[in-house]
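J.: Following this line is work.cif, made up of mmCIF, C-alpha atoms:
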data_work
#
loop_
_atom_site.label_atom_id
_atom_site.label_comp_id
_atom_site.auth_asym_id
_atom_site.auth_seq_id
_atom_site.Cartn_x
_atom_site.Cartn_y
_atom_site.Cartn_z
CA ARG A 1 -76.64 -88.75 49.34
CA ASP A 2 -73.88 -89.19 51.92
CA VAL A 3 -75.40 -86.43 54.06
CA ILE A 4 -78.81 -88.11 53.98
CA GLY A 5 -77.27 -91.48 54.71
CA ASP A 6 -75.31 -90.14 57.72
CA TRP A 7 -78.38 -88.33 59.07
CA SER A 8 -80.62 -91.39 58.79
CA SER A 9 -77.96 -93.55 60.40
CA ASP A 10 -77.66 -91.16 63.34
CA VAL A 11 -81.43 -90.98 63.81
CA CYS A 12 -81.84 -94.73 63.74
CA SER A 13 -79.00 -95.37 66.15
CA SER A 14 -80.27 -92.73 68.58
CA ASP A 15 -83.81 -94.12 68.42
CA LEU A 16 -82.64 -97.65 69.12
CA SER A 17 -80.61 -96.55 72.14
CA GLU A 18 -83.69 -95.15 73.93
CA PRO A 19 -86.29 -97.37 75.63
CA THR A 20 -89.63 -97.57 73.87
CA MET A 21 -91.59 -97.91 77.12
CA ALA A 22 -90.20 -96.43 80.31
CA ILE A 23 -92.43 -98.70 82.37
CA THR A 24 -90.06 -101.63 81.73
CA ASP A 25 -86.98 -99.76 82.98
CA ASN A 26 -87.68 -99.69 86.72
CA LYS A 27 -88.43 -103.14 88.09
CA MET A 28 -89.30 -101.79 91.55
CA ASN A 29 -91.90 -99.46 90.05
CA LEU A 30 -93.29 -102.25 87.89
CA GLY A 31 -93.53 -104.51 90.93
CA ALA A 32 -95.33 -101.78 92.86
CA ILE A 33 -97.89 -101.42 90.05
CA GLY A 34 -98.62 -105.15 90.20
CA VAL A 35 -99.00 -105.17 93.98
CA LEU A 36 -101.19 -102.06 93.93
CA GLY A 37 -103.44 -103.61 91.29
CA LEU A 38 -104.02 -106.55 93.63
CA CYS A 39 -104.58 -104.16 96.55
CA LEU A 40 -107.20 -102.27 94.56
CA ILE A 41 -109.15 -105.49 93.96
CA PHE A 42 -108.94 -106.44 97.64
CA GLY A 43 -109.83 -102.89 98.64
CA ILE A 44 -113.09 -103.14 96.71
CA VAL A 45 -113.89 -106.63 98.02
CA VAL A 46 -113.35 -105.74 101.71
CA PRO A 47 -116.36 -103.37 101.97
CA ALA A 48 -118.42 -105.03 99.23
CA HIS A 49 -118.39 -108.49 100.84
CA ASN A 50 -120.41 -108.97 104.04
CA GLY A 51 -117.64 -110.83 105.77
CA LEU A 52 -116.23 -109.09 108.83
CA PHE A 53 -118.06 -111.56 111.07
CA THR A 54 -120.07 -114.70 110.43
CA LEU A 55 -122.61 -116.37 112.74
CA GLU A 56 -122.74 -120.07 111.97
CA GLU A 57 -126.10 -120.97 113.53
CA SER A 58 -128.12 -118.09 112.06
CA LYS A 59 -126.02 -117.93 108.86
CA ALA A 60 -125.67 -114.18 109.36
CA HIS A 61 -122.87 -112.26 107.67
CA ILE A 62 -121.90 -108.85 109.00
CA GLY A 63 -119.98 -106.50 106.72
CA ILE A 64 -118.80 -102.91 106.79
CA TRP A 65 -121.84 -101.67 104.90
CA LYS A 66 -124.48 -104.41 104.98
CA ILE A 67 -125.80 -107.37 106.97
CA ASP A 68 -127.37 -110.46 105.41
CA VAL A 69 -128.68 -113.83 106.53
CA ASP A 70 -127.84 -116.54 104.04
CA GLY A 71 -127.63 -113.93 101.30
CA GLU A 72 -130.96 -112.26 102.11
CA CYS A 73 -131.87 -109.18 104.10
CA PRO A 74 -133.34 -110.42 107.41
CA ASP A 75 -136.90 -109.45 108.29
CA GLY A 76 -137.25 -106.48 110.57
CA MET A 77 -133.92 -104.91 109.68
CA LYS A 78 -133.93 -101.13 109.46
CA ASP A 79 -132.55 -99.03 106.58
CA ASP A 80 -132.15 -101.84 104.03
CA CYS A 81 -129.90 -103.99 106.20
CA ASP A 82 -127.29 -101.26 106.71
CA SER A 83 -124.62 -102.17 109.23
CA CYS A 84 -124.56 -98.65 110.61
CA VAL A 85 -127.95 -97.63 111.96
CA ASP A 86 -128.23 -94.54 114.16
CA PRO A 87 -129.36 -95.84 117.57
CA GLY A 88 -130.86 -92.48 118.51
CA SER A 89 -130.20 -90.05 121.32
CA ASP A 90 -131.73 -92.31 123.98
CA ALA A 91 -129.45 -95.25 123.17
CA THR A 92 -126.84 -96.63 125.55
CA ASP A 93 -123.26 -95.41 125.44
CA CYS A 94 -122.17 -98.74 123.96
CA ALA A 95 -124.73 -98.48 121.16
CA LYS A 96 -123.56 -94.97 120.34
CA ALA A 97 -119.90 -96.08 120.43
CA GLY A 98 -120.69 -99.00 118.12
CA TYR A 99 -122.38 -96.67 115.66
CA THR A 100 -119.36 -94.34 115.67
CA LYS A 101 -116.96 -97.23 115.11
CA CYS A 102 -119.09 -98.53 112.24
CA GLN A 103 -119.09 -95.12 110.56
CA THR A 104 -115.33 -94.90 111.06
CA MET A 105 -114.81 -98.23 109.29
CA GLN A 106 -117.02 -97.12 106.41
CA ALA A 107 -115.09 -93.87 106.02
CA PHE A 108 -111.72 -95.61 106.01
CA SER A 109 -112.92 -98.28 103.59
CA ILE A 110 -113.57 -95.45 101.10
CA LEU A 111 -110.34 -93.63 101.90
CA GLY A 112 -108.42 -96.89 101.56
CA VAL A 113 -109.65 -97.55 98.02
CA LEU A 114 -109.01 -93.93 96.98
CA SER A 115 -105.48 -94.07 98.42
CA VAL A 116 -104.68 -97.30 96.59
CA ALA A 117 -106.05 -95.89 93.33
CA ALA A 118 -103.96 -92.73 93.79
CA ALA A 119 -100.81 -94.74 94.51
CA ALA A 120 -101.40 -96.98 91.48
CA GLY A 121 -102.01 -93.96 89.25
CA LEU A 122 -98.82 -92.27 90.40
CA ALA A 123 -96.80 -95.46 89.91
CA ALA A 124 -98.19 -95.87 86.40
CA ALA A 125 -97.50 -92.22 85.56
CA GLY A 126 -93.91 -92.59 86.71
CA GLY A 127 -93.44 -95.86 84.88
CA LEU A 128 -94.78 -94.48 81.62
CA GLY A 129 -92.58 -91.42 81.86
CA VAL A 130 -95.50 -89.02 82.23
CA MET A 131 -94.07 -87.87 85.57
CA ASP A 132 -90.68 -88.11 87.22
CA VAL A 133 -90.29 -91.47 88.98
CA LYS A 134 -88.43 -89.80 91.86
CA MET A 135 -91.51 -87.70 92.56
CA THR A 136 -94.11 -90.39 91.90
CA GLY A 137 -92.14 -92.85 94.01
CA MET A 138 -92.31 -90.72 97.14
CA ALA A 139 -95.85 -89.44 96.54
CA GLY A 140 -97.08 -92.93 95.69
CA ALA A 141 -95.41 -94.36 98.79
CA GLY A 142 -97.23 -91.76 100.88
CA ALA A 143 -100.58 -92.69 99.31
CA ALA A 144 -99.90 -96.41 99.77
CA GLY A 145 -98.87 -95.77 103.37
CA PHE A 146 -102.14 -93.96 104.07
CA GLY A 147 -104.03 -96.83 102.46
CA ALA A 148 -102.19 -99.26 104.74
CA LEU A 149 -103.16 -97.12 107.74
CA SER A 150 -106.81 -97.21 106.60
CA TYR A 151 -106.92 -101.01 106.57
CA LEU A 152 -104.99 -101.19 109.83
CA ILE A 153 -107.70 -99.06 111.46
CA ILE A 154 -110.44 -101.24 109.96
CA PHE A 155 -109.11 -104.57 111.17
CA ALA A 156 -108.07 -103.09 114.55
CA LEU A 157 -111.65 -101.90 115.15
CA VAL A 158 -113.05 -105.26 114.06
CA ALA A 159 -110.65 -107.15 116.35
CA ALA A 160 -111.46 -104.83 119.27
CA ASN A 161 -115.16 -105.44 118.74
CA TYR A 162 -114.71 -109.20 118.46
CA ASN A 163 -112.52 -109.51 121.55
CA GLY A 164 -114.33 -106.92 123.69
CA ASP A 165 -116.89 -107.79 126.34
CA LYS A 166 -120.50 -106.71 125.93
CA SER A 167 -120.62 -105.00 129.30
CA GLU A 168 -121.17 -101.23 129.47
CA ASP A 169 -118.43 -101.11 132.09
CA SER A 170 -115.98 -102.93 129.83
CA ASP A 171 -115.12 -102.72 126.11
CA CYS A 172 -118.60 -102.45 124.57
CA GLY A 173 -117.66 -105.27 122.22
CA SER A 174 -119.65 -108.13 120.74
CA GLY A 175 -118.13 -110.84 122.91
CA GLY A 176 -117.25 -112.86 119.83
CA ALA A 177 -114.13 -114.33 121.41
CA ASP A 178 -116.34 -116.11 123.97
CA ASN A 179 -118.98 -117.12 121.44
CA ASP A 180 -118.30 -120.33 119.52
CA ASP A 181 -120.99 -119.40 117.00
CA MET A 182 -119.21 -116.18 115.93
CA SER A 183 -116.01 -116.01 113.88
CA TYR A 184 -114.02 -113.67 111.69
CA GLY A 185 -114.97 -113.54 108.02
CA ALA A 186 -113.12 -113.17 104.71
CA SER A 187 -113.29 -109.37 104.68
CA PHE A 188 -111.38 -109.22 107.96
CA ALA A 189 -108.64 -111.45 106.54
CA LEU A 190 -108.45 -109.41 103.33
CA ALA A 191 -108.11 -106.18 105.31
CA ILE A 192 -105.02 -107.62 107.01
CA VAL A 193 -103.63 -108.87 103.68
CA ASN A 194 -104.21 -105.46 102.10
CA TRP A 195 -102.43 -103.74 104.97
CA LEU A 196 -99.37 -105.96 104.48
CA LEU A 197 -99.39 -105.65 100.68
CA LEU A 198 -99.66 -101.86 100.84
CA MET A 199 -96.65 -101.72 103.13
CA VAL A 200 -94.76 -103.76 100.52
CA ALA A 201 -95.98 -101.46 97.74
CA ALA A 202 -94.89 -98.37 99.67
CA GLY A 203 -91.42 -99.84 100.09
CA LEU A 204 -91.18 -100.73 96.41
CA LEU A 205 -92.17 -97.20 95.40
CA VAL A 206 -89.52 -95.68 97.67
CA LEU A 207 -86.90 -97.99 96.17
CA ALA A 208 -88.16 -97.15 92.67
CA GLY A 209 -87.60 -93.45 93.28
CA ARG A 210 -84.15 -94.03 94.70
CA SER A 211 -83.02 -96.36 91.95
CA ASP A 212 -84.16 -93.87 89.33
CA ALA A 213 -82.29 -91.08 91.09
CA SER A 214 -79.06 -93.09 91.16
CA ALA A 215 -79.38 -94.15 87.53
#
Mind turning this structure into structure tokens?
T.:
Amino acid sequence: RDVIGDWSSDVCSSDLSEPTMAITDNKMNLGAIGVLGLCLIFGIVVPAHNGLFTLEESKAHIGIWKIDVDGECPDGMKDDCDSCVDPGSDATDCAKAGYTKCQTMQAFSILGVLSVAAAAGLAAAGGLGVMDVKMTGMAGAGAAGFGALSYLIIFALVAANYNGDKSEDSDCGSGGADNDDMSYGASFALAIVNWLLLMVAAGLLVLAGRSDASA
């Protein structure tokens, strides 16, 4: 009976000394998971919401993927109100450049969401003890950093279009800066917010890996 009692006492004491959920051990990693969860929501809203630009008079909303007028597809729009419509081989250089920029924003809106999801998955795997936090911290920071770059490219292209002149000899922009009717929308603001939050998340993941290594 003494042997059984000693064995059970040792097992119980050893069990109590170990954390039941590793995700609560590293506060930096836990913070990164929370930030990345928010970034994932914003990353879905940025392309889903038609809000890069708004035109007050016509009530038009221009997004990464679609265009609408007061919530409806305007008459005469090609390809189901897609923002990116191939202007054709006979189009002007500015029209072709605008099409390329639109496709670039669409590509990076997808890459941004995938990068955020990858970073969040790595952070969760490290926090739950499925993978080494030192490894997930660095890999997750890299994924979050790429996501931040994706949203930086998106809002930089939008800003360049808004501030650029319409002239073929100039920036091939929309001239929005000189148009009182045109303004930035919510998707543009969220792209900037997501860029900043992903930089924070990347830093937290780096610190999570370092703190786990020094523990």
J.: Select from region 11-113 of chain A every residue with an atom at most 8 Å from any atom of region 131-148 of chain A, then for each give the shortest pair of atoms and their distance in Å to one decimal, using all atoms listed in the file, rows by chain and rising number, as a tab-separated table.
T.:
residue	atom	partner	partner_atom	distance
A:Asn29	CA	A:Gly137	CA	7.7
A:Leu111	CA	A:Gly147	CA	7.1
A:Gly112	CA	A:Gly147	CA	4.5
A:Val113	CA	A:Gly147	CA	7.2
J.: Expand the PyMOL selection byres ((chain A and resi 207) around 10) into the individual residues it matches in the shown file, reporting them as a VMD selection string.
T.: chain A and resid 26 to 29 32 134 137 to 138 141 201 to 206 208 to 213
J.: For the residues selected in the previous step, produce a file with C-alpha atoms as a PDB file, in the frame of the given file.
T.:
ATOM      1  CA  ASN A  26     -87.680 -99.690  86.720  1.00  0.00           C
ATOM      2  CA  LYS A  27     -88.430-103.140  88.090  1.00  0.00           C
ATOM      3  CA  MET A  28     -89.300-101.790  91.550  1.00  0.00           C
ATOM      4  CA  ASN A  29     -91.900 -99.460  90.050  1.00  0.00           C
ATOM      5  CA  ALA A  32     -95.330-101.780  92.860  1.00  0.00           C
ATOM      6  CA  LYS A 134     -88.430 -89.800  91.860  1.00  0.00           C
ATOM      7  CA  GLY A 137     -92.140 -92.850  94.010  1.00  0.00           C
ATOM      8  CA  MET A 138     -92.310 -90.720  97.140  1.00  0.00           C
ATOM      9  CA  ALA A 141     -95.410 -94.360  98.790  1.00  0.00           C
ATOM     10  CA  ALA A 201     -95.980-101.460  97.740  1.00  0.00           C
ATOM     11  CA  ALA A 202     -94.890 -98.370  99.670  1.00  0.00           C
ATOM     12  CA  GLY A 203     -91.420 -99.840 100.090  1.00  0.00           C
ATOM     13  CA  LEU A 204     -91.180-100.730  96.410  1.00  0.00           C
ATOM     14  CA  LEU A 205     -92.170 -97.200  95.400  1.00  0.00           C
ATOM     15  CA  VAL A 206     -89.520 -95.680  97.670  1.00  0.00           C
ATOM     16  CA  ALA A 208     -88.160 -97.150  92.670  1.00  0.00           C
ATOM     17  CA  GLY A 209     -87.600 -93.450  93.280  1.00  0.00           C
ATOM     18  CA  ARG A 210     -84.150 -94.030  94.700  1.00  0.00           C
ATOM     19  CA  SER A 211     -83.020 -96.360  91.950  1.00  0.00           C
ATOM     20  CA  ASP A 212     -84.160 -93.870  89.330  1.00  0.00           C
ATOM     21  CA  ALA A 213     -82.290 -91.080  91.090  1.00  0.00           C
TER      22      ALA A 213
END
J.: So what do you get for CA of Pro74 (chain A) versus CA of Ile41 (chain A), distance-wise?
T.: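 Those two atoms sit 28.1 Å apart.
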J.: With all atoms listed in the file counted, which protein, DNA or RNA residues have an atom no more than 12 Å from (-119.8, -95.0, 116.8) in the file frame? Please answer as a list in words.
T.: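 Checked against the point, the hits come out as Ser83, Cys84, Val85, Asp86, Pro87, Gly88, Ala91, Thr92, Asp93, Cys94, Ala95, Lys96, Ala97, Gly98, Tyr99, Thr100, Lys101, Cys102, Gln103, Thr104, Met105, Gln106, Ala107, Leu157, Asn161, Cys172 and Gly173 of chain A.
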J.: Neighbouring residues of Glu57 (chain A) were defined as those with any atom within 10 Å, considering all atoms listed in the file; residues of the same chain fewer than 6 positions away were excluded. Please report them as a ChimeraX atom specification.
T.: /A:180-182
J.: List the spatial neighbours of Ser187 (chain A) as a ChimeraX atom specification - criterion: any atom at most 9 Å away, only C-alpha atoms, same-chain residues fewer than 6 positions off excluded.
T.: /A:42,45-53,63-64
J.: Let me see the file: selected residues, C-alpha atoms, as a PDB file, in the frame of the given file.
T.:
ATOM      1  CA  PHE A  42    -108.940-106.440  97.640  1.00  0.00           C
ATOM      2  CA  VAL A  45    -113.890-106.630  98.020  1.00  0.00           C
ATOM      3  CA  VAL A  46    -113.350-105.740 101.710  1.00  0.00           C
ATOM      4  CA  PRO A  47    -116.360-103.370 101.970  1.00  0.00           C
ATOM      5  CA  ALA A  48    -118.420-105.030  99.230  1.00  0.00           C
ATOM      6  CA  HIS A  49    -118.390-108.490 100.840  1.00  0.00           C
ATOM      7  CA  ASN A  50    -120.410-108.970 104.040  1.00  0.00           C
ATOM      8  CA  GLY A  51    -117.640-110.830 105.770  1.00  0.00           C
ATOM      9  CA  LEU A  52    -116.230-109.090 108.830  1.00  0.00           C
ATOM     10  CA  PHE A  53    -118.060-111.560 111.070  1.00  0.00           C
ATOM     11  CA  GLY A  63    -119.980-106.500 106.720  1.00  0.00           C
ATOM     12  CA  ILE A  64    -118.800-102.910 106.790  1.00  0.00           C
TER      13      ILE A  64
END
J.: Between CA of Thr54 (chain A) and CA of Asp75 (chain A), measure the distance and give it in Å to one decimal.
T.: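 One can read the CA of Thr54 (chain A) to CA of Asp75 (chain A) distance as 17.8 Å.
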J.: Can you list, as a PyMOL selection string, every protein, DNA or RNA residue that comes within 8 Å of Tyr151 (chain A) when you count all atoms listed in the file, leaving out same-chain residues fewer than 5 positions away?
T.: chain A and resi 108-109+112+191-192+194-195
J.: Put those residues in a file: C-alpha atoms, as a PDB file, keeping the file's coordinate frame.
T.:
ATOM      1  CA  PHE A 108    -111.720 -95.610 106.010  1.00  0.00           C
ATOM      2  CA  SER A 109    -112.920 -98.280 103.590  1.00  0.00           C
ATOM      3  CA  GLY A 112    -108.420 -96.890 101.560  1.00  0.00           C
ATOM      4  CA  ALA A 191    -108.110-106.180 105.310  1.00  0.00           C
ATOM      5  CA  ILE A 192    -105.020-107.620 107.010  1.00  0.00           C
ATOM      6  CA  ASN A 194    -104.210-105.460 102.100  1.00  0.00           C
ATOM      7  CA  TRP A 195    -102.430-103.740 104.970  1.00  0.00           C
TER       8      TRP A 195
END
J.: Quote the spacing between CA of Ser174 (chain A) and CA of Asp80 (chain A) in Å to one decimal place.
T.: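 Separating CA of Ser174 (chain A) from CA of Asp80 (chain A) is a distance of 21.8 Å.
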J.: Pick out the closest residue to Ile153 (chain A) from this set: A:Phe188, A:Gly37, A:Trp65, A:Gly71. Count only C-alpha atoms.
T.: A:Phe188
J.: Between A:Lys59, A:Tyr184, A:Ile33, A:Asn179, single out the one closest to Ala159 (chain A), counting only C-alpha atoms.
T.: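 Looking only at the distances to Ala159 (chain A), the closest residue turns out to be A:Tyr184.
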J.: Is there a way to complete region 150-176 of chain A with N, CA and C atoms and then write that out as a PDB file, in the frame of the given file?
T.:
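Final output, saved to rebuild-v3.pdb:
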ATOM      1  N   SER A 150    -105.349 -97.063 106.663  1.00  0.00           N
ATOM      2  CA  SER A 150    -106.810 -97.210 106.600  1.00  0.00           C
ATOM      3  C   SER A 150    -107.224 -98.641 106.920  1.00  0.00           C
ATOM      4  N   TYR A 151    -106.551 -99.615 106.328  1.00  0.00           N
ATOM      5  CA  TYR A 151    -106.920-101.010 106.570  1.00  0.00           C
ATOM      6  C   TYR A 151    -106.461-101.486 107.939  1.00  0.00           C
ATOM      7  N   LEU A 152    -105.403-100.890 108.457  1.00  0.00           N
ATOM      8  CA  LEU A 152    -104.990-101.190 109.830  1.00  0.00           C
ATOM      9  C   LEU A 152    -106.076-100.747 110.810  1.00  0.00           C
ATOM     10  N   ILE A 153    -106.635 -99.562 110.594  1.00  0.00           N
ATOM     11  CA  ILE A 153    -107.700 -99.060 111.460  1.00  0.00           C
ATOM     12  C   ILE A 153    -108.933 -99.956 111.363  1.00  0.00           C
ATOM     13  N   ILE A 154    -109.261-100.390 110.141  1.00  0.00           N
ATOM     14  CA  ILE A 154    -110.440-101.240 109.960  1.00  0.00           C
ATOM     15  C   ILE A 154    -110.297-102.549 110.728  1.00  0.00           C
ATOM     16  N   PHE A 155    -109.198-103.268 110.512  1.00  0.00           N
ATOM     17  CA  PHE A 155    -109.110-104.570 111.170  1.00  0.00           C
ATOM     18  C   PHE A 155    -108.837-104.439 112.664  1.00  0.00           C
ATOM     19  N   ALA A 156    -108.255-103.316 113.111  1.00  0.00           N
ATOM     20  CA  ALA A 156    -108.070-103.090 114.550  1.00  0.00           C
ATOM     21  C   ALA A 156    -109.426-102.875 115.234  1.00  0.00           C
ATOM     22  N   LEU A 157    -110.313-102.111 114.589  1.00  0.00           N
ATOM     23  CA  LEU A 157    -111.650-101.900 115.150  1.00  0.00           C
ATOM     24  C   LEU A 157    -112.462-103.189 115.168  1.00  0.00           C
ATOM     25  N   VAL A 158    -112.332-103.984 114.114  1.00  0.00           N
ATOM     26  CA  VAL A 158    -113.050-105.260 114.060  1.00  0.00           C
ATOM     27  C   VAL A 158    -112.545-106.199 115.153  1.00  0.00           C
ATOM     28  N   ALA A 159    -111.228-106.277 115.322  1.00  0.00           N
ATOM     29  CA  ALA A 159    -110.650-107.150 116.350  1.00  0.00           C
ATOM     30  C   ALA A 159    -111.042-106.689 117.751  1.00  0.00           C
ATOM     31  N   ALA A 160    -111.068-105.365 117.972  1.00  0.00           N
ATOM     32  CA  ALA A 160    -111.460-104.830 119.270  1.00  0.00           C
ATOM     33  C   ALA A 160    -112.915-105.168 119.579  1.00  0.00           C
ATOM     34  N   ASN A 161    -113.764-105.102 118.551  1.00  0.00           N
ATOM     35  CA  ASN A 161    -115.160-105.440 118.740  1.00  0.00           C
ATOM     36  C   ASN A 161    -115.342-106.925 119.024  1.00  0.00           C
ATOM     37  N   TYR A 162    -114.607-107.747 118.301  1.00  0.00           N
ATOM     38  CA  TYR A 162    -114.710-109.200 118.460  1.00  0.00           C
ATOM     39  C   TYR A 162    -114.222-109.650 119.842  1.00  0.00           C
ATOM     40  N   ASN A 163    -113.135-109.082 120.295  1.00  0.00           N
ATOM     41  CA  ASN A 163    -112.520-109.510 121.550  1.00  0.00           C
ATOM     42  C   ASN A 163    -113.071-108.785 122.777  1.00  0.00           C
ATOM     43  N   GLY A 164    -113.822-107.697 122.562  1.00  0.00           N
ATOM     44  CA  GLY A 164    -114.330-106.920 123.690  1.00  0.00           C
ATOM     45  C   GLY A 164    -115.558-107.553 124.320  1.00  0.00           C
ATOM     46  N   ASP A 165    -115.714-107.309 125.614  1.00  0.00           N
ATOM     47  CA  ASP A 165    -116.890-107.790 126.340  1.00  0.00           C
ATOM     48  C   ASP A 165    -118.091-106.899 126.033  1.00  0.00           C
ATOM     49  N   LYS A 166    -119.278-107.450 126.217  1.00  0.00           N
ATOM     50  CA  LYS A 166    -120.500-106.710 125.930  1.00  0.00           C
ATOM     51  C   LYS A 166    -120.855-105.692 127.012  1.00  0.00           C
ATOM     52  N   SER A 167    -120.241-105.827 128.158  1.00  0.00           N
ATOM     53  CA  SER A 167    -120.620-105.000 129.300  1.00  0.00           C
ATOM     54  C   SER A 167    -120.391-103.514 129.042  1.00  0.00           C
ATOM     55  N   GLU A 168    -121.303-102.684 129.564  1.00  0.00           N
ATOM     56  CA  GLU A 168    -121.170-101.230 129.470  1.00  0.00           C
ATOM     57  C   GLU A 168    -119.928-100.755 130.226  1.00  0.00           C
ATOM     58  N   ASP A 169    -119.581-101.495 131.266  1.00  0.00           N
ATOM     59  CA  ASP A 169    -118.430-101.110 132.090  1.00  0.00           C
ATOM     60  C   ASP A 169    -117.121-101.636 131.528  1.00  0.00           C
ATOM     61  N   SER A 170    -117.190-102.332 130.406  1.00  0.00           N
ATOM     62  CA  SER A 170    -115.980-102.930 129.830  1.00  0.00           C
ATOM     63  C   SER A 170    -115.674-102.326 128.461  1.00  0.00           C
ATOM     64  N   ASP A 171    -115.589-103.156 127.430  1.00  0.00           N
ATOM     65  CA  ASP A 171    -115.120-102.720 126.110  1.00  0.00           C
ATOM     66  C   ASP A 171    -116.233-102.391 125.124  1.00  0.00           C
ATOM     67  N   CYS A 172    -117.473-102.652 125.486  1.00  0.00           N
ATOM     68  CA  CYS A 172    -118.600-102.450 124.570  1.00  0.00           C
ATOM     69  C   CYS A 172    -118.407-103.237 123.273  1.00  0.00           C
ATOM     70  N   GLY A 173    -117.885-104.440 123.396  1.00  0.00           N
ATOM     71  CA  GLY A 173    -117.660-105.270 122.220  1.00  0.00           C
ATOM     72  C   GLY A 173    -118.823-106.201 121.958  1.00  0.00           C
ATOM     73  N   SER A 174    -118.603-107.161 121.080  1.00  0.00           N
ATOM     74  CA  SER A 174    -119.650-108.130 120.740  1.00  0.00           C
ATOM     75  C   SER A 174    -119.497-109.436 121.504  1.00  0.00           C
ATOM     76  N   GLY A 175    -118.370-109.606 122.179  1.00  0.00           N
ATOM     77  CA  GLY A 175    -118.130-110.840 122.910  1.00  0.00           C
ATOM     78  C   GLY A 175    -117.901-112.035 122.007  1.00  0.00           C
ATOM     79  N   GLY A 176    -117.446-111.776 120.785  1.00  0.00           N
ATOM     80  CA  GLY A 176    -117.250-112.860 119.830  1.00  0.00           C
ATOM     81  C   GLY A 176    -116.201-113.868 120.239  1.00  0.00           C
TER      82      GLY A 176
END
